[in-house]
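Beneath this line is the structure, given in structure tokens, with notes to follow.
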Amino acid sequence: MSMLQRLDAADALPGAAELRARTYELLRLEPGSAVLDVGCGAGLAVSELSSRGFRAVGVDLSAEMIEEAHRRSPGSEFLVGDAYALPVDGGFAGYRADKVFHELAEPERALAEARRVLAPGGRIVLSGPDWEALMIDSSYPALTREIVRARASVIAAPRIARGFRRLLTGCGFREVSVEGVVGFLGGATFFRGLVDVAVRVGAVSGEEGEVWLAEQVDGEGFVAVPQFLASGRAGSSC
């Protein structure tokens with residue numbers, strides 16, 4: 001499954017549309033305000049924000065994603081760019097990053113860049129899952145723990161979402177608030193991905209992985225994962 005297919009599948013999960021809508025509400029934008037969506041992928045959030053009357057600009061590190069975003073939403077603005085060096089000037093009323101910060105080795109640097117592009121008093125919204133807290137029902141709890149740890153081990157900052165409040169406050173954002181919801185993942189492809197990573201990093205054997213996978217797929221297993229939404233207002237720099 002390609003990255004684009006994985007993103008589309010994630011956007012179609014139960015509760016995903018409601019979670020996106022909540023991030024838009026937390027931005028508290030006035031009609032016509034400019035908002036930056038960092039890590040925009042194929043541009044779904046940019047399209048939805050534009051339909052609500054905002055001037056949304058999407059930025060993604062992948063030129064392939066930006067090309068697809070232009071194809072899907074030809075009237076919207078998309079730019080190839082890095083969270084550490086955004087290809088825009090300042091003056092944005094909102095900054096949104098969904099499922100992005102767990103991939104960043106230097107989150108404070110990204111937030112300093114967010115401060116640069118936000119207008120005084122502009123709002124930031126971060127959202128993402130806690131990859132060390134995946135909850136999976138299984139007859140093999142010890143094996144499950146190893147598989148979850150293995151998945152988290154290949155992510156730059158798997159626990160970043162639980163630290164959003166500390167991160168934003170430490171970087172000078174004011175009026176910081178955090179909300180939590182439980183999201184759901186699943187499907188044979190997702191479980192296969194978990195096992196492949198665990199086997200690759202040596203956390204479990206191939207045989208153990210197949211036994212665990214068979215139980216999940218045959219039992220139509222699913223994964224519950226805590227997801228955090230944090231918002232704040234631009235204050236002093238990091």
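Labeling convention for the structure tokens: chains A, B, ... as they appear, residues from 1 per chain, ligands from 1 in order of appearance.
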Residues near A:Val201, anyone? I mean within 8 Å using only C-alpha atoms, not counting same-chain ones fewer than 3 positions away, as a short mmCIF file (atom, residue, chain, number, x, y, z; two decimals) with N, CA and C atoms, in the first residue's frame.
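The file below, part_13.cif, is the result:
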data_model
loop_
_atom_site.label_atom_id
_atom_site.label_comp_id
_atom_site.auth_asym_id
_atom_site.auth_seq_id
_atom_site.Cartn_x
_atom_site.Cartn_y
_atom_site.Cartn_z
N ALA A 150 7.95 -2.17 19.02
CA ALA A 150 8.71 -2.16 17.77
C ALA A 150 8.20 -1.09 16.82
N VAL A 197 7.22 -4.67 10.65
CA VAL A 197 8.18 -3.82 11.37
C VAL A 197 8.80 -4.59 12.53
N ALA A 198 7.97 -5.29 13.30
CA ALA A 198 8.47 -6.02 14.47
C ALA A 198 9.48 -7.09 14.08
#
Out of stretch 8-238 of chain A, which residues get strand (DSSP E or B) from DSSP, as a PDB file with N, CA and C atoms, in the first residue's frame?
ATOM      1  N   ALA A  34      -6.229  33.655   6.780  1.00  0.00           N
ATOM      2  CA  ALA A  34      -5.250  32.775   6.142  1.00  0.00           C
ATOM      3  C   ALA A  34      -4.779  31.728   7.148  1.00  0.00           C
ATOM      4  N   VAL A  35      -4.777  30.465   6.721  1.00  0.00           N
ATOM      5  CA  VAL A  35      -4.369  29.368   7.584  1.00  0.00           C
ATOM      6  C   VAL A  35      -3.410  28.461   6.820  1.00  0.00           C
ATOM      7  N   LEU A  36      -2.382  27.995   7.522  1.00  0.00           N
ATOM      8  CA  LEU A  36      -1.369  27.129   6.923  1.00  0.00           C
ATOM      9  C   LEU A  36      -1.555  25.716   7.447  1.00  0.00           C
ATOM     10  N   ASP A  37      -1.661  24.749   6.531  1.00  0.00           N
ATOM     11  CA  ASP A  37      -1.765  23.336   6.910  1.00  0.00           C
ATOM     12  C   ASP A  37      -0.436  22.677   6.582  1.00  0.00           C
ATOM     13  N   VAL A  38       0.330  22.341   7.616  1.00  0.00           N
ATOM     14  CA  VAL A  38       1.678  21.795   7.450  1.00  0.00           C
ATOM     15  C   VAL A  38       1.613  20.273   7.461  1.00  0.00           C
ATOM     16  N   ARG A  55      -8.699  31.219   3.666  1.00  0.00           N
ATOM     17  CA  ARG A  55      -7.645  31.127   2.643  1.00  0.00           C
ATOM     18  C   ARG A  55      -6.610  30.125   3.140  1.00  0.00           C
ATOM     19  N   ALA A  56      -6.771  28.893   2.719  1.00  0.00           N
ATOM     20  CA  ALA A  56      -5.915  27.816   3.208  1.00  0.00           C
ATOM     21  C   ALA A  56      -4.760  27.560   2.249  1.00  0.00           C
ATOM     22  N   VAL A  57      -3.576  27.359   2.818  1.00  0.00           N
ATOM     23  CA  VAL A  57      -2.371  27.039   2.058  1.00  0.00           C
ATOM     24  C   VAL A  57      -1.796  25.747   2.623  1.00  0.00           C
ATOM     25  N   GLY A  58      -1.551  24.778   1.750  1.00  0.00           N
ATOM     26  CA  GLY A  58      -0.995  23.506   2.189  1.00  0.00           C
ATOM     27  C   GLY A  58       0.480  23.402   1.876  1.00  0.00           C
ATOM     28  N   VAL A  59       1.244  22.837   2.819  1.00  0.00           N
ATOM     29  CA  VAL A  59       2.680  22.621   2.635  1.00  0.00           C
ATOM     30  C   VAL A  59       2.996  21.169   2.960  1.00  0.00           C
ATOM     31  N   ASP A  60       3.774  20.542   2.102  1.00  0.00           N
ATOM     32  CA  ASP A  60       4.190  19.167   2.359  1.00  0.00           C
ATOM     33  C   ASP A  60       5.592  18.957   1.812  1.00  0.00           C
ATOM     34  N   GLU A  77      -4.086  26.430  -2.969  1.00  0.00           N
ATOM     35  CA  GLU A  77      -2.650  26.721  -3.016  1.00  0.00           C
ATOM     36  C   GLU A  77      -1.878  25.670  -2.234  1.00  0.00           C
ATOM     37  N   PHE A  78      -0.911  25.053  -2.898  1.00  0.00           N
ATOM     38  CA  PHE A  78      -0.075  24.038  -2.276  1.00  0.00           C
ATOM     39  C   PHE A  78       1.387  24.305  -2.613  1.00  0.00           C
ATOM     40  N   LEU A  79       2.257  24.071  -1.636  1.00  0.00           N
ATOM     41  CA  LEU A  79       3.681  24.334  -1.813  1.00  0.00           C
ATOM     42  C   LEU A  79       4.502  23.187  -1.246  1.00  0.00           C
ATOM     43  N   VAL A  80       5.580  22.841  -1.948  1.00  0.00           N
ATOM     44  CA  VAL A  80       6.538  21.894  -1.395  1.00  0.00           C
ATOM     45  C   VAL A  80       7.378  22.639  -0.367  1.00  0.00           C
ATOM     46  N   ASP A  82       9.375  22.393   3.907  1.00  0.00           N
ATOM     47  CA  ASP A  82       9.818  21.714   5.118  1.00  0.00           C
ATOM     48  C   ASP A  82       9.224  22.419   6.340  1.00  0.00           C
ATOM     49  N   ALA A  85      11.506  24.994   7.612  1.00  0.00           N
ATOM     50  CA  ALA A  85      11.785  26.163   6.766  1.00  0.00           C
ATOM     51  C   ALA A  85      10.608  26.348   5.822  1.00  0.00           C
ATOM     52  N   PHE A  92      -0.035  34.680   8.945  1.00  0.00           N
ATOM     53  CA  PHE A  92      -1.109  33.684   8.996  1.00  0.00           C
ATOM     54  C   PHE A  92      -1.842  33.760  10.332  1.00  0.00           C
ATOM     55  N   ALA A  93      -3.144  33.628  10.251  1.00  0.00           N
ATOM     56  CA  ALA A  93      -3.960  33.626  11.468  1.00  0.00           C
ATOM     57  C   ALA A  93      -3.984  32.255  12.128  1.00  0.00           C
ATOM     58  N   GLY A  94      -3.672  31.209  11.361  1.00  0.00           N
ATOM     59  CA  GLY A  94      -3.718  29.865  11.908  1.00  0.00           C
ATOM     60  C   GLY A  94      -2.633  28.967  11.332  1.00  0.00           C
ATOM     61  N   TYR A  95      -2.199  28.021  12.163  1.00  0.00           N
ATOM     62  CA  TYR A  95      -1.201  27.006  11.776  1.00  0.00           C
ATOM     63  C   TYR A  95      -1.745  25.679  12.260  1.00  0.00           C
ATOM     64  N   ARG A  96      -1.846  24.722  11.350  1.00  0.00           N
ATOM     65  CA  ARG A  96      -2.388  23.414  11.693  1.00  0.00           C
ATOM     66  C   ARG A  96      -1.413  22.333  11.248  1.00  0.00           C
ATOM     67  N   ALA A  97      -1.178  21.347  12.123  1.00  0.00           N
ATOM     68  CA  ALA A  97      -0.332  20.206  11.763  1.00  0.00           C
ATOM     69  C   ALA A  97      -0.953  18.954  12.359  1.00  0.00           C
ATOM     70  N   ASP A  98      -1.420  18.069  11.516  1.00  0.00           N
ATOM     71  CA  ASP A  98      -2.081  16.836  11.946  1.00  0.00           C
ATOM     72  C   ASP A  98      -1.224  15.646  11.545  1.00  0.00           C
ATOM     73  N   LEU A 118       3.153  32.918  11.995  1.00  0.00           N
ATOM     74  CA  LEU A 118       1.887  33.322  12.589  1.00  0.00           C
ATOM     75  C   LEU A 118       1.875  34.823  12.862  1.00  0.00           C
ATOM     76  N   ALA A 119       0.742  35.437  12.601  1.00  0.00           N
ATOM     77  CA  ALA A 119       0.554  36.835  12.970  1.00  0.00           C
ATOM     78  C   ALA A 119       0.453  36.936  14.494  1.00  0.00           C
ATOM     79  N   PRO A 120       0.713  38.106  15.072  1.00  0.00           N
ATOM     80  CA  PRO A 120       0.543  38.263  16.523  1.00  0.00           C
ATOM     81  C   PRO A 120      -0.842  37.792  16.963  1.00  0.00           C
ATOM     82  N   GLY A 121      -0.870  36.902  17.945  1.00  0.00           N
ATOM     83  CA  GLY A 121      -2.139  36.364  18.418  1.00  0.00           C
ATOM     84  C   GLY A 121      -2.685  35.227  17.578  1.00  0.00           C
ATOM     85  N   GLY A 122      -1.957  34.835  16.529  1.00  0.00           N
ATOM     86  CA  GLY A 122      -2.410  33.730  15.692  1.00  0.00           C
ATOM     87  C   GLY A 122      -2.461  32.423  16.464  1.00  0.00           C
ATOM     88  N   ARG A 123      -3.300  31.511  15.989  1.00  0.00           N
ATOM     89  CA  ARG A 123      -3.522  30.264  16.722  1.00  0.00           C
ATOM     90  C   ARG A 123      -2.858  29.077  16.037  1.00  0.00           C
ATOM     91  N   ILE A 124      -2.401  28.152  16.882  1.00  0.00           N
ATOM     92  CA  ILE A 124      -1.794  26.912  16.411  1.00  0.00           C
ATOM     93  C   ILE A 124      -2.625  25.737  16.905  1.00  0.00           C
ATOM     94  N   VAL A 125      -2.756  24.712  16.068  1.00  0.00           N
ATOM     95  CA  VAL A 125      -3.423  23.469  16.460  1.00  0.00           C
ATOM     96  C   VAL A 125      -2.555  22.302  16.019  1.00  0.00           C
ATOM     97  N   LEU A 126      -2.197  21.453  16.962  1.00  0.00           N
ATOM     98  CA  LEU A 126      -1.456  20.224  16.685  1.00  0.00           C
ATOM     99  C   LEU A 126      -2.341  19.041  17.045  1.00  0.00           C
ATOM    100  N   SER A 127      -2.309  18.008  16.244  1.00  0.00           N
ATOM    101  CA  SER A 127      -3.046  16.792  16.580  1.00  0.00           C
ATOM    102  C   SER A 127      -2.253  15.582  16.132  1.00  0.00           C
ATOM    103  N   GLY A 128      -2.421  14.487  16.852  1.00  0.00           N
ATOM    104  CA  GLY A 128      -1.712  13.277  16.474  1.00  0.00           C
ATOM    105  C   GLY A 128      -1.913  12.169  17.482  1.00  0.00           C
ATOM    106  N   PRO A 129      -1.564  10.940  17.108  1.00  0.00           N
ATOM    107  CA  PRO A 129      -1.711   9.784  17.989  1.00  0.00           C
ATOM    108  C   PRO A 129      -0.491   9.577  18.873  1.00  0.00           C
ATOM    109  N   MET A 135      -3.666   0.205  21.867  1.00  0.00           N
ATOM    110  CA  MET A 135      -4.364  -0.791  22.684  1.00  0.00           C
ATOM    111  C   MET A 135      -4.972  -1.847  21.768  1.00  0.00           C
ATOM    112  N   ILE A 136      -4.501  -3.074  21.903  1.00  0.00           N
ATOM    113  CA  ILE A 136      -4.904  -4.163  21.014  1.00  0.00           C
ATOM    114  C   ILE A 136      -5.336  -5.362  21.843  1.00  0.00           C
ATOM    115  N   ARG A 174       0.635  30.745  24.360  1.00  0.00           N
ATOM    116  CA  ARG A 174      -0.218  31.057  25.507  1.00  0.00           C
ATOM    117  C   ARG A 174      -1.581  30.377  25.355  1.00  0.00           C
ATOM    118  N   GLU A 175      -2.317  30.352  26.471  1.00  0.00           N
ATOM    119  CA  GLU A 175      -3.686  29.814  26.475  1.00  0.00           C
ATOM    120  C   GLU A 175      -3.722  28.403  25.867  1.00  0.00           C
ATOM    121  N   VAL A 176      -2.750  27.599  26.250  1.00  0.00           N
ATOM    122  CA  VAL A 176      -2.638  26.253  25.689  1.00  0.00           C
ATOM    123  C   VAL A 176      -3.675  25.330  26.325  1.00  0.00           C
ATOM    124  N   SER A 177      -4.382  24.595  25.498  1.00  0.00           N
ATOM    125  CA  SER A 177      -5.338  23.606  25.991  1.00  0.00           C
ATOM    126  C   SER A 177      -5.146  22.304  25.224  1.00  0.00           C
ATOM    127  N   VAL A 178      -5.515  21.206  25.859  1.00  0.00           N
ATOM    128  CA  VAL A 178      -5.336  19.885  25.244  1.00  0.00           C
ATOM    129  C   VAL A 178      -6.620  19.087  25.402  1.00  0.00           C
ATOM    130  N   GLU A 179      -6.991  18.388  24.344  1.00  0.00           N
ATOM    131  CA  GLU A 179      -8.137  17.485  24.364  1.00  0.00           C
ATOM    132  C   GLU A 179      -7.662  16.102  23.936  1.00  0.00           C
ATOM    133  N   GLY A 180      -8.351  15.081  24.413  1.00  0.00           N
ATOM    134  CA  GLY A 180      -8.017  13.724  24.025  1.00  0.00           C
ATOM    135  C   GLY A 180      -9.226  12.975  23.514  1.00  0.00           C
ATOM    136  N   VAL A 181      -9.021  12.176  22.500  1.00  0.00           N
ATOM    137  CA  VAL A 181     -10.065  11.301  21.979  1.00  0.00           C
ATOM    138  C   VAL A 181      -9.436   9.936  21.712  1.00  0.00           C
ATOM    139  N   VAL A 182     -10.258   8.941  21.517  1.00  0.00           N
ATOM    140  CA  VAL A 182      -9.765   7.612  21.155  1.00  0.00           C
ATOM    141  C   VAL A 182     -10.109   7.366  19.694  1.00  0.00           C
ATOM    142  N   GLY A 183      -9.083   7.093  18.912  1.00  0.00           N
ATOM    143  CA  GLY A 183      -9.285   6.755  17.508  1.00  0.00           C
ATOM    144  C   GLY A 183      -9.164   5.259  17.302  1.00  0.00           C
ATOM    145  N   PHE A 184      -9.562   4.803  16.136  1.00  0.00           N
ATOM    146  CA  PHE A 184      -9.531   3.372  15.857  1.00  0.00           C
ATOM    147  C   PHE A 184      -8.827   3.099  14.537  1.00  0.00           C
ATOM    148  N   LEU A 185      -7.962   2.105  14.564  1.00  0.00           N
ATOM    149  CA  LEU A 185      -7.247   1.646  13.377  1.00  0.00           C
ATOM    150  C   LEU A 185      -7.528   0.163  13.208  1.00  0.00           C
ATOM    151  N   GLY A 186      -7.157  -0.374  12.064  1.00  0.00           N
ATOM    152  CA  GLY A 186      -7.360  -1.801  11.875  1.00  0.00           C
ATOM    153  C   GLY A 186      -7.270  -2.197  10.423  1.00  0.00           C
ATOM    154  N   PHE A 222      -9.120  -4.844  16.013  1.00  0.00           N
ATOM    155  CA  PHE A 222      -8.948  -3.417  15.748  1.00  0.00           C
ATOM    156  C   PHE A 222      -8.036  -2.843  16.821  1.00  0.00           C
ATOM    157  N   VAL A 223      -7.538  -1.665  16.561  1.00  0.00           N
ATOM    158  CA  VAL A 223      -6.607  -1.001  17.459  1.00  0.00           C
ATOM    159  C   VAL A 223      -7.226   0.296  17.947  1.00  0.00           C
ATOM    160  N   ALA A 224      -7.232   0.502  19.242  1.00  0.00           N
ATOM    161  CA  ALA A 224      -7.638   1.780  19.819  1.00  0.00           C
ATOM    162  C   ALA A 224      -6.377   2.570  20.138  1.00  0.00           C
ATOM    163  N   VAL A 225      -6.371   3.839  19.780  1.00  0.00           N
ATOM    164  CA  VAL A 225      -5.181   4.660  20.002  1.00  0.00           C
ATOM    165  C   VAL A 225      -5.582   6.034  20.520  1.00  0.00           C
ATOM    166  N   PRO A 226      -4.967   6.484  21.632  1.00  0.00           N
ATOM    167  CA  PRO A 226      -5.253   7.839  22.118  1.00  0.00           C
ATOM    168  C   PRO A 226      -4.737   8.874  21.123  1.00  0.00           C
ATOM    169  N   GLN A 227      -5.547   9.879  20.872  1.00  0.00           N
ATOM    170  CA  GLN A 227      -5.134  10.979  20.002  1.00  0.00           C
ATOM    171  C   GLN A 227      -5.342  12.291  20.748  1.00  0.00           C
ATOM    172  N   PHE A 228      -4.370  13.167  20.630  1.00  0.00           N
ATOM    173  CA  PHE A 228      -4.403  14.426  21.363  1.00  0.00           C
ATOM    174  C   PHE A 228      -4.474  15.603  20.405  1.00  0.00           C
ATOM    175  N   LEU A 229      -5.290  16.586  20.801  1.00  0.00           N
ATOM    176  CA  LEU A 229      -5.408  17.841  20.073  1.00  0.00           C
ATOM    177  C   LEU A 229      -5.002  18.959  21.015  1.00  0.00           C
ATOM    178  N   ALA A 230      -4.016  19.732  20.616  1.00  0.00           N
ATOM    179  CA  ALA A 230      -3.544  20.835  21.445  1.00  0.00           C
ATOM    180  C   ALA A 230      -3.648  22.135  20.658  1.00  0.00           C
ATOM    181  N   SER A 231      -4.027  23.181  21.339  1.00  0.00           N
ATOM    182  CA  SER A 231      -4.156  24.474  20.680  1.00  0.00           C
ATOM    183  C   SER A 231      -3.609  25.564  21.582  1.00  0.00           C
ATOM    184  N   GLY A 232      -3.208  26.664  20.968  1.00  0.00           N
ATOM    185  CA  GLY A 232      -2.678  27.783  21.729  1.00  0.00           C
ATOM    186  C   GLY A 232      -2.589  29.026  20.866  1.00  0.00           C
ATOM    187  N   ARG A 233      -2.178  30.104  21.501  1.00  0.00           N
ATOM    188  CA  ARG A 233      -2.050  31.379  20.817  1.00  0.00           C
ATOM    189  C   ARG A 233      -0.597  31.810  20.823  1.00  0.00           C
TER     190      ARG A 233
END
Filtered DSSP result for stretch 8-177 of chain A, state alpha helix (DSSP H), as a ChimeraX atom specification: /A:8-11,16-27,44-51,63-72,107-117,141-153,164-170
d(atom CA of A:Val195, atom CA of A:Leu4) in Å: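 Separation of atom CA of A:Val195 and atom CA of A:Leu4: 20.7 Å.
Atom pair atom CA of A:Val154 / atom CA of A:Glu108: separated by 20.2 Å.
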Of the listed residues A:Leu167, A:Leu213, A:Ala110, A:Ile155, that which approaches A:Ala188 most closely, counting only C-alpha atoms: A:Leu213
Between atom CA of A:Glu132 and atom CA of A:Ile66, distance in Å (one decimal):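 Separating atom CA of A:Glu132 from atom CA of A:Ile66 is a distance of 29.7 Å.
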Selection: 8 Å around A:Gly43, only C-alpha atoms, excl. self and same-chain fewer than 3 positions, as number ranges by chain: A: 40, 46-47, 58, 66, 69-70, 72-73, 78
Top pick for closest residue to A:Leu111, considering A:Thr169, A:Ser33, A:Ser153, A:Gln5 and counting only C-alpha atoms: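 Ranked by minimum distance to A:Leu111, first place goes to A:Thr169.
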Please list as a compact mmCIF listing (two decimals) with N, CA, C and O atoms, in the first residue's frame every residue within 12 Å of A:Arg192, counting only C-alpha atoms and excluding residues in the same chain fewer than 5 positions away.
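Below you can see around05.txt, which holds the result:
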# COMPACT_ATOMS: atom_id res chain seq x y z
N MET A 1 0.85 -1.19 0.00
CA MET A 1 0.00 0.00 0.00
C MET A 1 0.89 1.25 0.00
O MET A 1 1.81 1.36 0.80
N ILE A 147 5.34 -6.01 19.81
CA ILE A 147 4.98 -5.50 18.48
C ILE A 147 4.68 -4.00 18.56
O ILE A 147 5.10 -3.23 17.68
N ARG A 151 6.88 -0.97 16.72
CA ARG A 151 6.32 0.07 15.83
C ARG A 151 6.73 1.45 16.31
O ARG A 151 7.12 2.31 15.50
N GLY A 186 -7.16 -0.37 12.06
CA GLY A 186 -7.36 -1.80 11.88
C GLY A 186 -7.27 -2.20 10.42
O GLY A 186 -6.86 -1.42 9.57
N GLY A 187 -7.65 -3.44 10.17
CA GLY A 187 -7.58 -3.97 8.81
C GLY A 187 -6.34 -4.83 8.62
O GLY A 187 -5.31 -4.64 9.29
N VAL A 197 7.22 -4.67 10.65
CA VAL A 197 8.18 -3.82 11.37
C VAL A 197 8.80 -4.59 12.53
O VAL A 197 10.02 -4.56 12.74
N ALA A 198 7.97 -5.29 13.30
CA ALA A 198 8.47 -6.02 14.47
C ALA A 198 9.48 -7.09 14.08
O ALA A 198 10.49 -7.29 14.76
N VAL A 199 9.22 -7.78 12.98
CA VAL A 199 10.16 -8.80 12.50
C VAL A 199 11.43 -8.13 11.98
O VAL A 199 12.55 -8.59 12.25
N GLY A 206 9.63 -14.37 12.81
CA GLY A 206 8.63 -14.45 11.76
C GLY A 206 7.48 -15.35 12.14
O GLY A 206 6.31 -15.05 11.86
N GLY A 209 5.23 -13.64 14.66
CA GLY A 209 4.45 -12.60 13.99
C GLY A 209 3.27 -13.17 13.24
O GLY A 209 2.17 -12.58 13.26
N GLU A 210 3.46 -14.29 12.57
CA GLU A 210 2.38 -14.89 11.79
C GLU A 210 1.27 -15.41 12.69
O GLU A 210 0.09 -15.32 12.36
N VAL A 211 1.65 -15.98 13.85
CA VAL A 211 0.64 -16.46 14.80
C VAL A 211 -0.19 -15.28 15.30
O VAL A 211 -1.43 -15.35 15.36
N TRP A 212 0.48 -14.21 15.67
CA TRP A 212 -0.22 -13.02 16.16
C TRP A 212 -1.10 -12.42 15.08
O TRP A 212 -2.25 -12.05 15.32
N LEU A 213 -0.59 -12.34 13.87
CA LEU A 213 -1.34 -11.76 12.77
C LEU A 213 -2.58 -12.57 12.46
O LEU A 213 -3.66 -12.00 12.21
N ALA A 214 -2.48 -13.88 12.48
CA ALA A 214 -3.62 -14.74 12.17
C ALA A 214 -4.76 -14.48 13.15
O ALA A 214 -5.94 -14.41 12.75
N GLU A 215 -4.44 -14.33 14.43
CA GLU A 215 -5.49 -14.06 15.42
C GLU A 215 -6.19 -12.74 15.13
O GLU A 215 -7.42 -12.65 15.19
N GLN A 216 -5.42 -11.70 14.81
CA GLN A 216 -6.00 -10.39 14.57
C GLN A 216 -6.86 -10.36 13.31
O GLN A 216 -7.97 -9.84 13.31
N VAL A 217 -6.35 -10.93 12.25
CA VAL A 217 -7.07 -10.89 10.98
C VAL A 217 -8.30 -11.79 11.03
O VAL A 217 -9.40 -11.39 10.62
